[in-house]
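Notes follow once the structure below has been shown.
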Amino acid sequence: MSSVTDIEVVDSHTVKMKLNTSFADFPLLLTDYRLRMIPSGSGDTIGKTGIGTGPFIVEKFDAEGTTILKANPNYWEGAPKVAEVHVIAIPDGEARVQALLTGQIDMNRYVPFAQKKIFDGNSKFNVSVIPTGNWRGMVMRTDTAPFDNPKVRKAVRLAVDRQELVDLVMGGAATVACDTPVAPSDQYRLNMKCPQDIKKAKKLLKEAGYPNGIEMVIHVSTKEPTWPTIGEVLQQQLAKAGIKAEVKMTPSKSYWKETWMKKAVSMTRWNERPADSILHEAYHSGAKWNESFYKSASFDKNLADARGELNFNKRKKAYQNAQKTLWEEAGTMIPYHVSKLVVTSSRVKNLDEIEFFSIRWHTLSVD
């Protein structure tokens with residue numbers, strides 16, 4: 001939001017925001033899941049009380065027990081179809097699945113794919129596999145040898161079999177990404193093919209001065225449950241190109257402070273964002289969270305051109321050119337965007353099969 005220089009209330013239903021740069025898709029930024037517009041001075045209390053503008057109003061908040069939400073009869077899109085929602089705190093994943101199986105709860109949005117077969121073909125449940133823009137990946141610091149050479153970085157990425165990672169790590173429940181962080185459903189997504197190419201990977205390493213390959217340490221932790229498995233699969237895949245990878249487990253508690261953006265190679269994860277947001281936050285030369293320390297004047301220019309372009313097709317081309325640049329030079333290997341397994345009881349109707357933050361909760365009904 002640093003591009004916003006002034007906010008002016010025009011009338012009861014209109015606000016004017018002044019920016020320090022052209023930004024054709026600025027309204028998309030306002031949909032970011034981390035962005036909230038709340039009454040002034042309510043920051044310390046709103047987490048427990050809510051403000052009553054959504055489809056449901058907080059009646060009782062209990063983070064470790066049961067939070068009770070009542071339907072908001074004055075919701076601007078119409079009163080919800082259900083009178084009440086109970087959000088029950090069940091920390092253990094297995095216990096959540098059992099609660100769904102026994103009818104204690106009607107929805108579980110965090111069912112592991114390994115347990116999908118429990119619900120498949122059972123008329124008592126609705127099973128939805130929802131593609132998301134969330135991704136997991138491996139980061140190589142572009143300011144650290146040997147990854148300061150773009151040929152080395154591309155060699156590493158070409159040595160990866162992304163479909164095998166999807167199959168082995170996610171059980172097929174993911175979309176191959178070809179190292180673009182832009183979500184599969186995003187209007188600016190560049191769809192590419194990126195098969196494993198061991199021959200070209202070896203050729204690039206030789207051209208970079210490493211005819212006998214390189215050695216690297218991939219730092220992982222259980223902060224993200226799939227990271228250790230991804231590391232093990234990568235270890236086997238990279239070996240085919242003469243890249244010897246050691247997978248090193250690091251403490252989860254201190255991972256973001258002592259490993260991420262500190263070690264030469266580490267694992268990462270990001271939640272879905274609009275194309276402009278993720279490309280700026282993770283790759284722009286001046287970005288605080290530029291985890292690969294990637295700097296490219298042409299990449300930054302493509303992003304600036306995209307923001308200032310009012311013609312959709314030209315804007316799309318600029319964003320896609322930025323993604324092409326990442327395919328050639330990036331320090332981040334993004335094998336896939338994960339899919340989410342959501343299971344509800346068959347009583348639940350009209351639940352949008354989309355990512356969590358865009359669900360129209362007022363249309364949901366329960367028989």
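Residues in the structure tokens are named by chain (A, B, ... in the order shown) and by number from 1 within that chain; ligands are numbered from 1 in the order shown.
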
Could you write out, as number ranges by chain, all the residues of segment 26-197 of chain A that DSSP marks as alpha helix (DSSP H)? A: 26-29, 46-49, 93-101, 116-119, 150-158, 162-170

Mind writing the picked residues with C-alpha atoms as a PDB file, in the first residue's frame?
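Wrote it out as result.pdb, contents follow:
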ATOM      1  CA  PHE A  26      -5.102  -1.062  -8.103  1.00  0.00           C
ATOM      2  CA  PRO A  27      -8.626  -2.350  -7.209  1.00  0.00           C
ATOM      3  CA  LEU A  28      -7.219  -5.913  -7.246  1.00  0.00           C
ATOM      4  CA  LEU A  29      -4.756  -4.901  -4.536  1.00  0.00           C
ATOM      5  CA  ILE A  46     -11.865  -6.009  16.182  1.00  0.00           C
ATOM      6  CA  GLY A  47     -10.258  -9.468  16.308  1.00  0.00           C
ATOM      7  CA  LYS A  48     -12.621 -10.511  19.088  1.00  0.00           C
ATOM      8  CA  THR A  49     -15.700  -8.417  18.433  1.00  0.00           C
ATOM      9  CA  GLY A  93      -5.802 -33.076  12.231  1.00  0.00           C
ATOM     10  CA  GLU A  94      -6.917 -36.655  12.875  1.00  0.00           C
ATOM     11  CA  ALA A  95      -9.479 -35.449  15.395  1.00  0.00           C
ATOM     12  CA  ARG A  96     -10.902 -33.018  12.821  1.00  0.00           C
ATOM     13  CA  VAL A  97     -11.386 -35.833  10.334  1.00  0.00           C
ATOM     14  CA  GLN A  98     -13.084 -37.981  12.973  1.00  0.00           C
ATOM     15  CA  ALA A  99     -15.345 -35.071  13.934  1.00  0.00           C
ATOM     16  CA  LEU A 100     -16.474 -34.871  10.308  1.00  0.00           C
ATOM     17  CA  LEU A 101     -16.986 -38.630  10.018  1.00  0.00           C
ATOM     18  CA  LYS A 116      -9.374 -38.510   0.543  1.00  0.00           C
ATOM     19  CA  LYS A 117     -10.208 -42.168  -0.076  1.00  0.00           C
ATOM     20  CA  ILE A 118     -12.095 -42.258   3.230  1.00  0.00           C
ATOM     21  CA  PHE A 119     -14.725 -39.920   1.774  1.00  0.00           C
ATOM     22  CA  PRO A 150      22.064 -17.581 -13.964  1.00  0.00           C
ATOM     23  CA  LYS A 151      23.206 -20.636 -15.935  1.00  0.00           C
ATOM     24  CA  VAL A 152      23.719 -22.553 -12.695  1.00  0.00           C
ATOM     25  CA  ARG A 153      20.307 -21.540 -11.415  1.00  0.00           C
ATOM     26  CA  LYS A 154      18.599 -22.607 -14.622  1.00  0.00           C
ATOM     27  CA  ALA A 155      20.551 -25.870 -14.667  1.00  0.00           C
ATOM     28  CA  VAL A 156      19.223 -26.691 -11.205  1.00  0.00           C
ATOM     29  CA  ARG A 157      15.683 -25.856 -12.253  1.00  0.00           C
ATOM     30  CA  LEU A 158      15.925 -27.871 -15.492  1.00  0.00           C
ATOM     31  CA  ARG A 162       7.969 -31.163 -11.525  1.00  0.00           C
ATOM     32  CA  GLN A 163       5.290 -33.681 -12.423  1.00  0.00           C
ATOM     33  CA  GLU A 164       7.092 -36.327 -10.369  1.00  0.00           C
ATOM     34  CA  LEU A 165       7.070 -33.904  -7.406  1.00  0.00           C
ATOM     35  CA  VAL A 166       3.334 -33.364  -7.892  1.00  0.00           C
ATOM     36  CA  ASP A 167       2.758 -37.122  -7.936  1.00  0.00           C
ATOM     37  CA  LEU A 168       5.086 -38.111  -5.086  1.00  0.00           C
ATOM     38  CA  VAL A 169       4.600 -35.186  -2.713  1.00  0.00           C
ATOM     39  CA  MET A 170       1.015 -34.121  -3.429  1.00  0.00           C
TER      40      MET A 170
END

Name all residues at most 9 Å from Lys301 of chain A (count only C-alpha atoms; drop same-chain ones fewer than 5 positions away) and give them as an NGL selection string. :A and (296 or 306 or 318 or 322)

Give me the residues within 12 Å of segment 343-347 of chain A as a PyMOL selection string, counting only C-alpha atoms and dropping any in the same chain fewer than 6 places off. chain A and resi 82+96-97+99-113+115-130+353+364-367

Would you please give, as a PDB file with N, CA and C atoms, in the first residue's frame, all residues of segment 53-202 of chain A that DSSP assigns to strand (DSSP E or B) based on the backbone?
ATOM      1  N   PHE A  56     -22.062 -12.590   8.786  1.00  0.00           N
ATOM      2  CA  PHE A  56     -22.297 -13.086  10.140  1.00  0.00           C
ATOM      3  C   PHE A  56     -21.709 -12.135  11.177  1.00  0.00           C
ATOM      4  N   ILE A  57     -22.331 -12.127  12.357  1.00  0.00           N
ATOM      5  CA  ILE A  57     -21.924 -11.253  13.449  1.00  0.00           C
ATOM      6  C   ILE A  57     -21.436 -12.114  14.614  1.00  0.00           C
ATOM      7  N   VAL A  58     -20.335 -11.705  15.221  1.00  0.00           N
ATOM      8  CA  VAL A  58     -19.786 -12.474  16.340  1.00  0.00           C
ATOM      9  C   VAL A  58     -20.693 -12.358  17.564  1.00  0.00           C
ATOM     10  N   GLU A  59     -21.167 -13.520  18.039  1.00  0.00           N
ATOM     11  CA  GLU A  59     -21.937 -13.524  19.290  1.00  0.00           C
ATOM     12  C   GLU A  59     -21.053 -13.949  20.451  1.00  0.00           C
ATOM     13  N   LYS A  60     -20.167 -14.938  20.176  1.00  0.00           N
ATOM     14  CA  LYS A  60     -19.251 -15.415  21.218  1.00  0.00           C
ATOM     15  C   LYS A  60     -17.930 -15.797  20.567  1.00  0.00           C
ATOM     16  N   THR A  66     -15.493 -22.938  21.204  1.00  0.00           N
ATOM     17  CA  THR A  66     -16.426 -22.767  20.097  1.00  0.00           C
ATOM     18  C   THR A  66     -16.804 -21.297  19.940  1.00  0.00           C
ATOM     19  N   THR A  67     -16.534 -20.769  18.776  1.00  0.00           N
ATOM     20  CA  THR A  67     -16.937 -19.407  18.441  1.00  0.00           C
ATOM     21  C   THR A  67     -18.287 -19.462  17.743  1.00  0.00           C
ATOM     22  N   ILE A  68     -19.215 -18.618  18.176  1.00  0.00           N
ATOM     23  CA  ILE A  68     -20.570 -18.637  17.624  1.00  0.00           C
ATOM     24  C   ILE A  68     -20.821 -17.374  16.803  1.00  0.00           C
ATOM     25  N   LEU A  69     -21.237 -17.575  15.566  1.00  0.00           N
ATOM     26  CA  LEU A  69     -21.555 -16.477  14.667  1.00  0.00           C
ATOM     27  C   LEU A  69     -23.045 -16.508  14.341  1.00  0.00           C
ATOM     28  N   LYS A  70     -23.701 -15.381  14.433  1.00  0.00           N
ATOM     29  CA  LYS A  70     -25.125 -15.257  14.109  1.00  0.00           C
ATOM     30  C   LYS A  70     -25.280 -14.577  12.750  1.00  0.00           C
ATOM     31  N   ALA A  71     -26.309 -14.981  12.027  1.00  0.00           N
ATOM     32  CA  ALA A  71     -26.573 -14.380  10.720  1.00  0.00           C
ATOM     33  C   ALA A  71     -26.839 -12.883  10.858  1.00  0.00           C
ATOM     34  N   GLU A  84     -26.991 -19.659  11.991  1.00  0.00           N
ATOM     35  CA  GLU A  84     -25.893 -19.668  12.943  1.00  0.00           C
ATOM     36  C   GLU A  84     -24.754 -20.545  12.424  1.00  0.00           C
ATOM     37  N   VAL A  85     -23.536 -20.159  12.753  1.00  0.00           N
ATOM     38  CA  VAL A  85     -22.355 -20.953  12.414  1.00  0.00           C
ATOM     39  C   VAL A  85     -21.507 -21.124  13.668  1.00  0.00           C
ATOM     40  N   HIS A  86     -21.082 -22.359  13.920  1.00  0.00           N
ATOM     41  CA  HIS A  86     -20.185 -22.634  15.045  1.00  0.00           C
ATOM     42  C   HIS A  86     -18.814 -22.997  14.485  1.00  0.00           C
ATOM     43  N   VAL A  87     -17.803 -22.247  14.893  1.00  0.00           N
ATOM     44  CA  VAL A  87     -16.423 -22.549  14.512  1.00  0.00           C
ATOM     45  C   VAL A  87     -15.766 -23.225  15.707  1.00  0.00           C
ATOM     46  N   ILE A  88     -15.491 -24.527  15.573  1.00  0.00           N
ATOM     47  CA  ILE A  88     -15.002 -25.330  16.695  1.00  0.00           C
ATOM     48  C   ILE A  88     -13.488 -25.532  16.585  1.00  0.00           C
ATOM     49  N   MET A 107     -18.068 -29.303   8.097  1.00  0.00           N
ATOM     50  CA  MET A 107     -17.065 -28.880   7.118  1.00  0.00           C
ATOM     51  C   MET A 107     -15.667 -28.970   7.697  1.00  0.00           C
ATOM     52  N   ASN A 108     -14.753 -29.505   6.880  1.00  0.00           N
ATOM     53  CA  ASN A 108     -13.333 -29.529   7.227  1.00  0.00           C
ATOM     54  C   ASN A 108     -12.573 -29.073   5.985  1.00  0.00           C
ATOM     55  N   PHE A 125     -21.035 -37.415   2.127  1.00  0.00           N
ATOM     56  CA  PHE A 125     -20.084 -36.300   2.072  1.00  0.00           C
ATOM     57  C   PHE A 125     -19.951 -35.723   0.668  1.00  0.00           C
ATOM     58  N   ASN A 126     -19.601 -34.434   0.630  1.00  0.00           N
ATOM     59  CA  ASN A 126     -19.221 -33.762  -0.616  1.00  0.00           C
ATOM     60  C   ASN A 126     -17.713 -33.546  -0.577  1.00  0.00           C
ATOM     61  N   VAL A 127     -17.023 -33.947  -1.634  1.00  0.00           N
ATOM     62  CA  VAL A 127     -15.567 -33.831  -1.697  1.00  0.00           C
ATOM     63  C   VAL A 127     -15.184 -32.882  -2.834  1.00  0.00           C
ATOM     64  N   SER A 128     -14.391 -31.859  -2.514  1.00  0.00           N
ATOM     65  CA  SER A 128     -13.973 -30.883  -3.522  1.00  0.00           C
ATOM     66  C   SER A 128     -12.462 -30.726  -3.515  1.00  0.00           C
ATOM     67  N   VAL A 129     -11.848 -30.841  -4.687  1.00  0.00           N
ATOM     68  CA  VAL A 129     -10.428 -30.564  -4.861  1.00  0.00           C
ATOM     69  C   VAL A 129     -10.332 -29.194  -5.524  1.00  0.00           C
ATOM     70  N   ILE A 130      -9.801 -28.220  -4.817  1.00  0.00           N
ATOM     71  CA  ILE A 130      -9.828 -26.829  -5.262  1.00  0.00           C
ATOM     72  C   ILE A 130      -8.420 -26.336  -5.579  1.00  0.00           C
ATOM     73  N   PRO A 131      -8.131 -26.029  -6.856  1.00  0.00           N
ATOM     74  CA  PRO A 131      -6.822 -25.459  -7.200  1.00  0.00           C
ATOM     75  C   PRO A 131      -6.656 -24.094  -6.533  1.00  0.00           C
ATOM     76  N   THR A 132      -5.468 -23.801  -6.032  1.00  0.00           N
ATOM     77  CA  THR A 132      -5.208 -22.520  -5.390  1.00  0.00           C
ATOM     78  C   THR A 132      -3.942 -21.890  -5.972  1.00  0.00           C
ATOM     79  N   GLY A 133      -3.667 -20.678  -5.544  1.00  0.00           N
ATOM     80  CA  GLY A 133      -2.429 -20.009  -5.936  1.00  0.00           C
ATOM     81  C   GLY A 133      -1.343 -20.183  -4.899  1.00  0.00           C
ATOM     82  N   ASN A 134      -1.580 -21.021  -3.872  1.00  0.00           N
ATOM     83  CA  ASN A 134      -0.568 -21.277  -2.847  1.00  0.00           C
ATOM     84  C   ASN A 134       0.541 -22.156  -3.427  1.00  0.00           C
ATOM     85  N   TRP A 135       1.787 -21.835  -3.094  1.00  0.00           N
ATOM     86  CA  TRP A 135       2.867 -22.646  -3.645  1.00  0.00           C
ATOM     87  C   TRP A 135       3.978 -22.896  -2.642  1.00  0.00           C
ATOM     88  N   ARG A 136       4.729 -23.962  -2.917  1.00  0.00           N
ATOM     89  CA  ARG A 136       5.909 -24.329  -2.156  1.00  0.00           C
ATOM     90  C   ARG A 136       7.084 -24.317  -3.116  1.00  0.00           C
ATOM     91  N   GLY A 137       8.263 -23.974  -2.654  1.00  0.00           N
ATOM     92  CA  GLY A 137       9.384 -23.934  -3.575  1.00  0.00           C
ATOM     93  C   GLY A 137      10.734 -23.971  -2.887  1.00  0.00           C
ATOM     94  N   MET A 138      11.782 -23.959  -3.704  1.00  0.00           N
ATOM     95  CA  MET A 138      13.159 -23.946  -3.221  1.00  0.00           C
ATOM     96  C   MET A 138      13.822 -22.660  -3.713  1.00  0.00           C
ATOM     97  N   VAL A 139      14.500 -21.966  -2.801  1.00  0.00           N
ATOM     98  CA  VAL A 139      15.107 -20.674  -3.129  1.00  0.00           C
ATOM     99  C   VAL A 139      16.628 -20.769  -3.138  1.00  0.00           C
ATOM    100  N   MET A 140      17.213 -20.288  -4.235  1.00  0.00           N
ATOM    101  CA  MET A 140      18.668 -20.170  -4.328  1.00  0.00           C
ATOM    102  C   MET A 140      19.022 -18.684  -4.280  1.00  0.00           C
ATOM    103  N   ALA A 174      -2.061 -31.072  -7.426  1.00  0.00           N
ATOM    104  CA  ALA A 174      -1.372 -29.788  -7.594  1.00  0.00           C
ATOM    105  C   ALA A 174      -1.262 -29.501  -9.083  1.00  0.00           C
ATOM    106  N   THR A 175      -0.940 -28.242  -9.415  1.00  0.00           N
ATOM    107  CA  THR A 175      -0.791 -27.812 -10.801  1.00  0.00           C
ATOM    108  C   THR A 175       0.654 -27.414 -11.050  1.00  0.00           C
ATOM    109  N   VAL A 176       1.296 -28.034 -12.041  1.00  0.00           N
ATOM    110  CA  VAL A 176       2.691 -27.713 -12.360  1.00  0.00           C
ATOM    111  C   VAL A 176       2.820 -26.222 -12.626  1.00  0.00           C
TER     112      VAL A 176
END

Trp327 of chain A surroundings by only C-alpha atoms, 8 Å radius, close-in-sequence under 5 positions cut, as number ranges by chain: A: 154, 178-180

Just the residues within 9 Å of Asn72 of chain A, please, counting only C-alpha atoms, with nothing from its chain fewer than 3 positions along; format it as number ranges by chain. A: 52-57, 75, 78-80, 83

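Comparing A:Met267, A:Asp62, A:Asp276, A:Asn149 by their smallest distance to Glu328 of chain A, the closest is A:Asn149 (using only C-alpha atoms).
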
Could you check how far atom CA of Ala287 of chain A sits from atom CA of Asp25 of chain A, in Å to one decimal? 18.9 Å

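As for atom CA of Phe299 of chain A and atom CA of Leu205 of chain A, they are spaced 23.9 Å apart.
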
Nearest residue to Ser3 of chain A from the set A:Phe23, A:Trp256, A:Trp76, A:Trp289 (distances using only C-alpha atoms):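 Using only C-alpha atoms, Ser3 of chain A sits closest to A:Phe23.
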
Pick out the closest residue to Gly171 of chain A from this set: A:Thr45, A:Thr21, A:Thr226, A:Ser277. Count only C-alpha atoms.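 Counting only C-alpha atoms, the residue closest to Gly171 of chain A is A:Thr226.
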
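With distances restricted to only C-alpha atoms, A:Leu190 is the closest residue to Lys317 of chain A from A:Ala304, A:Met1, A:Leu190, A:Ala145.
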
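Distance annotation: of A:Pro225, A:Glu329, A:Val220, A:Val4, the residue with the minimal separation from Ser22 of chain A is A:Val4; atom set is only C-alpha atoms.
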
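Of note, atom CA of Gln196 of chain A and atom CA of Lys248 of chain A are spaced 24.0 Å apart.
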
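Nearest residue to Arg360 of chain A among A:Asp44, A:Lys81, A:His337, A:Val10 is A:Lys81, counting only C-alpha atoms.
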
Which neighbours of segment 32-34 of chain A fall inside 10 Å, counting only C-alpha atoms, when residues of the same chain fewer than 4 positions from it are skipped, and could you give them as number ranges by chain? A: 27-28, 271-274, 277, 356-358
